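Below you'll find the structure, written out as structure tokens, and then a few comments.
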Amino acid sequence: KVTFNLAPKECSKNQLGNLMYLWASLLGLADMVGGPGAQVCYKAAAFGKSRDALNDAFGVNRSVPSCGERTAAPGCKISMKETRHTMFESEGVANLTKKLGALTRSGKCDEVSVTVGGCFQSWKYFDAIRPQVVKLFTPPAAARDDAQAWLRAARTRLSAQQPGGGWRFVGVQVRLGDKEHNSAYAYYAPTSWSYFKAGMRHAEEQLLARHPGDQVAFVVTVGGNAEDLETTKRALAGDLGGRLLFTEAATAMVDFAVLSSADALVISVSTFGWWAAYTSRSDVVVAPRHIYKPNTKQARKGVSAADAYPRDWKLLDNLSL
């Protein structure tokens, strides 16, 4: 038997999107390295209250059980330690595969325990099991219902104001909040209003090319407070008029469900936005090419846009816009 679990305290106190990467990558590595029959479990020490928040959002305990008190023999434990959060570490995966193969062939272990540590923020760890991951991170039914009700009401209002043709929605995920007001996040690359406007133009052009005769509206979610919301409204208004909509949702899960239901998405440097795009039905996604500011400690560790973003997403140079 082969059991995969997470090392304690790795990214355990970070935002919901970071925790989603951890769980998805754990499942993906078990499939990639462990093969058929590999089991995935969690250890309470690895998540604590943060794991409870993840479970409250998506009910992950339904899919991933507790490891309990069992433990493998000392010579039957192996591990993989990630060193660069936003890069797929193919060498580390290959070494883990080699070590696991040697142990299972030896016949010395009734159970092999594989512990992985890091943040694993690359889609390449779990894209092979994408349907399973999307199912795991489907918002609760109540959030989905509220999101669909909001979208139906928005479509009805738009049709009454501007009849003719169907309406397509571009979800625009703006994150100000902590990244705007907390110096601890100063290492992240900016996503200026010029970036968002360029992304919105691209998404609109793509949708109109694919759906001639339809019209496009922009649905904006804003993480933060009332001041951030008003700032975003002033910055993006332009000549969009009634085509610029703001969810002002009661919960983050409703915003997540709205974004993942959009026909196209423009996201910020945000794991929440990344996951809304990855789990969405849309094949038109605009994302910022640069995650970290140049010459920061995080950037010097190594960042790969190809590892951070699926290959069919449109990346804009957010440092030059």
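Identifiers in this document derive from the order of the structure tokens: chains are assigned A, B, ..., residues are numbered from 1 separately in each chain, and ligands are numbered from 1 in order of occurrence.
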
### Message
I'd like the contact shell of range 225-231 of chain A - 9 Å cut-off, only C-alpha atoms, skipping same-chain residues fewer than 5 positions apart - returned as a ChimeraX atom specification.
### Response
/A:175-177,236,246,248

### Message
Need the shell around range 268-272 of chain A: protein/DNA/RNA residues with any atom at most 8 Å away, counting only C-alpha atoms. Skip same-chain ones fewer than 3 positions apart. Format as an MDAnalysis selection string?
### Response
chainID A and resid 16:18 173:175 188:191 256 275:276 287:288 291

Just to be explicit: take each residue in the selection above, keep all heavy atoms, and write the result as a CSV table (one decimal), in the first residue's frame.
```csv
chain,number,residue,atom,x,y,z
A,16,LEU,N,-7.2,30.7,0.8
A,16,LEU,CA,-7.9,29.5,0.3
A,16,LEU,C,-7.4,29.0,-1.0
A,16,LEU,O,-7.2,27.8,-1.2
A,16,LEU,CB,-9.4,29.9,0.1
A,16,LEU,CG,-10.4,28.8,-0.4
A,16,LEU,CD1,-10.5,27.8,0.7
A,16,LEU,CD2,-11.7,29.4,-0.7
A,17,GLY,N,-7.0,29.9,-2.0
A,17,GLY,CA,-6.5,29.4,-3.2
A,17,GLY,C,-5.2,28.7,-3.1
A,17,GLY,O,-5.0,27.7,-3.8
A,18,ASN,N,-4.3,29.1,-2.1
A,18,ASN,CA,-3.1,28.3,-1.9
A,18,ASN,C,-3.4,26.9,-1.4
A,18,ASN,O,-2.7,26.0,-1.7
A,18,ASN,CB,-2.2,29.1,-0.9
A,18,ASN,CG,-1.7,30.4,-1.5
A,18,ASN,OD1,-2.0,30.7,-2.6
A,18,ASN,ND2,-1.0,31.2,-0.7
A,173,GLN,N,-11.8,39.6,-12.3
A,173,GLN,CA,-11.5,39.4,-10.9
A,173,GLN,C,-10.5,40.4,-10.4
A,173,GLN,O,-9.3,40.3,-10.8
A,173,GLN,CB,-11.1,38.0,-10.7
A,173,GLN,CG,-10.8,37.6,-9.2
A,173,GLN,CD,-9.3,37.6,-8.9
A,173,GLN,OE1,-8.4,37.4,-9.7
A,173,GLN,NE2,-9.0,37.8,-7.6
A,174,VAL,N,-10.9,41.4,-9.6
A,174,VAL,CA,-10.0,42.4,-9.1
A,174,VAL,C,-9.6,42.1,-7.7
A,174,VAL,O,-10.5,41.9,-6.9
A,174,VAL,CB,-10.6,43.8,-9.2
A,174,VAL,CG1,-9.7,44.9,-8.6
A,174,VAL,CG2,-10.9,44.1,-10.7
A,175,ARG,N,-8.3,42.1,-7.4
A,175,ARG,CA,-7.9,41.9,-6.0
A,175,ARG,C,-7.1,43.1,-5.6
A,175,ARG,O,-6.0,43.3,-6.0
A,175,ARG,CB,-7.1,40.6,-5.9
A,175,ARG,CG,-6.6,40.4,-4.4
A,175,ARG,CD,-5.8,39.2,-4.3
A,175,ARG,NE,-5.2,39.0,-2.9
A,175,ARG,CZ,-4.5,38.0,-2.5
A,175,ARG,NH1,-4.2,37.1,-3.4
A,175,ARG,NH2,-4.0,37.9,-1.3
A,188,TYR,N,4.6,41.3,-4.9
A,188,TYR,CA,3.8,40.9,-6.1
A,188,TYR,C,3.8,41.9,-7.2
A,188,TYR,O,3.8,43.1,-6.9
A,188,TYR,CB,2.3,40.7,-5.6
A,188,TYR,CG,2.1,39.3,-4.9
A,188,TYR,CD1,1.8,39.3,-3.6
A,188,TYR,CD2,2.1,38.1,-5.7
A,188,TYR,CE1,1.6,38.1,-2.9
A,188,TYR,CE2,1.9,36.9,-5.0
A,188,TYR,CZ,1.7,36.9,-3.7
A,188,TYR,OH,1.5,35.7,-3.0
A,189,ALA,N,3.8,41.5,-8.4
A,189,ALA,CA,3.8,42.4,-9.5
A,189,ALA,C,2.4,43.1,-9.6
A,189,ALA,O,1.4,42.5,-9.3
A,189,ALA,CB,4.1,41.7,-10.8
A,190,PRO,N,2.4,44.4,-10.0
A,190,PRO,CA,1.1,45.1,-10.1
A,190,PRO,C,0.2,44.6,-11.2
A,190,PRO,O,0.7,44.1,-12.2
A,190,PRO,CB,1.6,46.5,-10.3
A,190,PRO,CG,2.9,46.4,-11.0
A,190,PRO,CD,3.5,45.2,-10.5
A,191,THR,N,-1.0,44.7,-11.0
A,191,THR,CA,-2.0,44.6,-12.1
A,191,THR,C,-2.7,45.9,-12.2
A,191,THR,O,-3.7,46.2,-11.5
A,191,THR,CB,-3.0,43.4,-11.9
A,191,THR,OG1,-3.4,43.5,-10.5
A,191,THR,CG2,-2.3,42.1,-12.1
A,256,PHE,N,-16.9,33.3,-6.5
A,256,PHE,CA,-16.2,32.2,-7.2
A,256,PHE,C,-17.1,31.5,-8.2
A,256,PHE,O,-16.7,31.3,-9.3
A,256,PHE,CB,-15.7,31.2,-6.1
A,256,PHE,CG,-14.8,30.2,-6.7
A,256,PHE,CD1,-13.4,30.4,-6.6
A,256,PHE,CD2,-15.3,29.0,-7.2
A,256,PHE,CE1,-12.5,29.4,-7.1
A,256,PHE,CE2,-14.4,28.0,-7.7
A,256,PHE,CZ,-13.0,28.2,-7.7
A,275,TRP,N,-7.9,29.9,-9.7
A,275,TRP,CA,-8.8,28.7,-9.5
A,275,TRP,C,-10.2,28.9,-10.1
A,275,TRP,O,-10.8,28.0,-10.7
A,275,TRP,CB,-8.9,28.3,-8.1
A,275,TRP,CG,-7.8,27.5,-7.6
A,275,TRP,CD1,-6.7,27.8,-6.9
A,275,TRP,CD2,-7.5,26.1,-8.0
A,275,TRP,NE1,-5.8,26.8,-6.7
A,275,TRP,CE2,-6.3,25.7,-7.4
A,275,TRP,CE3,-8.2,25.2,-8.8
A,275,TRP,CZ2,-5.8,24.5,-7.6
A,275,TRP,CZ3,-7.7,23.9,-9.0
A,275,TRP,CH2,-6.5,23.6,-8.4
A,276,ALA,N,-10.7,30.1,-10.1
A,276,ALA,CA,-12.0,30.4,-10.7
A,276,ALA,C,-11.9,30.2,-12.2
A,276,ALA,O,-12.8,29.6,-12.9
A,276,ALA,CB,-12.4,31.8,-10.4
A,287,ALA,N,-4.6,36.5,-18.2
A,287,ALA,CA,-3.9,36.5,-16.9
A,287,ALA,C,-2.6,37.3,-17.0
A,287,ALA,O,-2.1,37.6,-18.1
A,287,ALA,CB,-3.5,35.0,-16.5
A,288,PRO,N,-2.1,37.8,-15.8
A,288,PRO,CA,-0.9,38.6,-15.8
A,288,PRO,C,0.3,37.7,-16.0
A,288,PRO,O,0.5,36.8,-15.2
A,288,PRO,CB,-1.0,39.3,-14.5
A,288,PRO,CG,-1.8,38.4,-13.6
A,288,PRO,CD,-2.8,37.8,-14.5
A,291,ILE,N,4.1,37.4,-12.0
A,291,ILE,CA,3.6,37.2,-10.7
A,291,ILE,C,4.3,38.0,-9.6
A,291,ILE,O,3.7,38.7,-8.7
A,291,ILE,CB,3.6,35.7,-10.3
A,291,ILE,CG1,2.8,34.9,-11.3
A,291,ILE,CG2,3.1,35.5,-8.8
A,291,ILE,CD1,2.9,33.4,-11.1
```

### Task
Enumerate, as a PyMOL selection string, the complete set of residues in range 15-191 of chain A that a backbone-based DSSP assignment places in strand (DSSP E or B).
chain A and resi 39-40+42+66+77-81+112-117+167-175+188

## Note on the structure
Atom pair CA of Val33 in chain A + CA of Glu111 in chain A, distance 15.2 Å

### Query
With only C-alpha atoms as the basis for distance, which of A:Val114, A:Ile129, A:Ala143, A:Ala217 is at the shortest distance from Ser159 in chain A?
A:Ala217

#### Entry: range 144-242 of chain A: residues DSSP assigns to alpha helix (DSSP H), reported as a PyMOL selection string
chain A and resi 144-161+177-181+193-210+226-236

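Comparing A:Thr71, A:Ala250, A:Ala264, A:Leu54 by their smallest distance to Gln15 in chain A, the closest is A:Leu54 (using only C-alpha atoms).
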
### Counting only C-alpha atoms, the option among A:Arg168, A:Lys81, A:His290, A:Lys297 closest to Gly118 in chain A
A:Lys81

So which residues touch Leu245 in chain A within 10 Å, counting only C-alpha atoms, skipping near sequence neighbours fewer than 6 positions away, as a compact mmCIF listing (two decimals) with C-alpha atoms, in the first residue's frame?
```txt
# COMPACT_ATOMS: atom_id res chain seq x y z
CA ALA A 154 -28.35 40.62 -14.82
CA PHE A 169 -20.32 37.68 -19.67
CA GLY A 171 -15.76 37.85 -15.44
CA VAL A 172 -13.20 40.36 -14.15
CA ALA A 217 -21.09 42.68 -20.46
CA PHE A 218 -18.41 42.69 -17.77
CA VAL A 219 -19.05 41.20 -14.33
CA VAL A 220 -16.54 42.46 -11.78
CA THR A 221 -15.76 40.93 -8.40
CA LYS A 233 -15.94 51.38 -10.17
CA ALA A 237 -16.25 52.81 -15.78
```
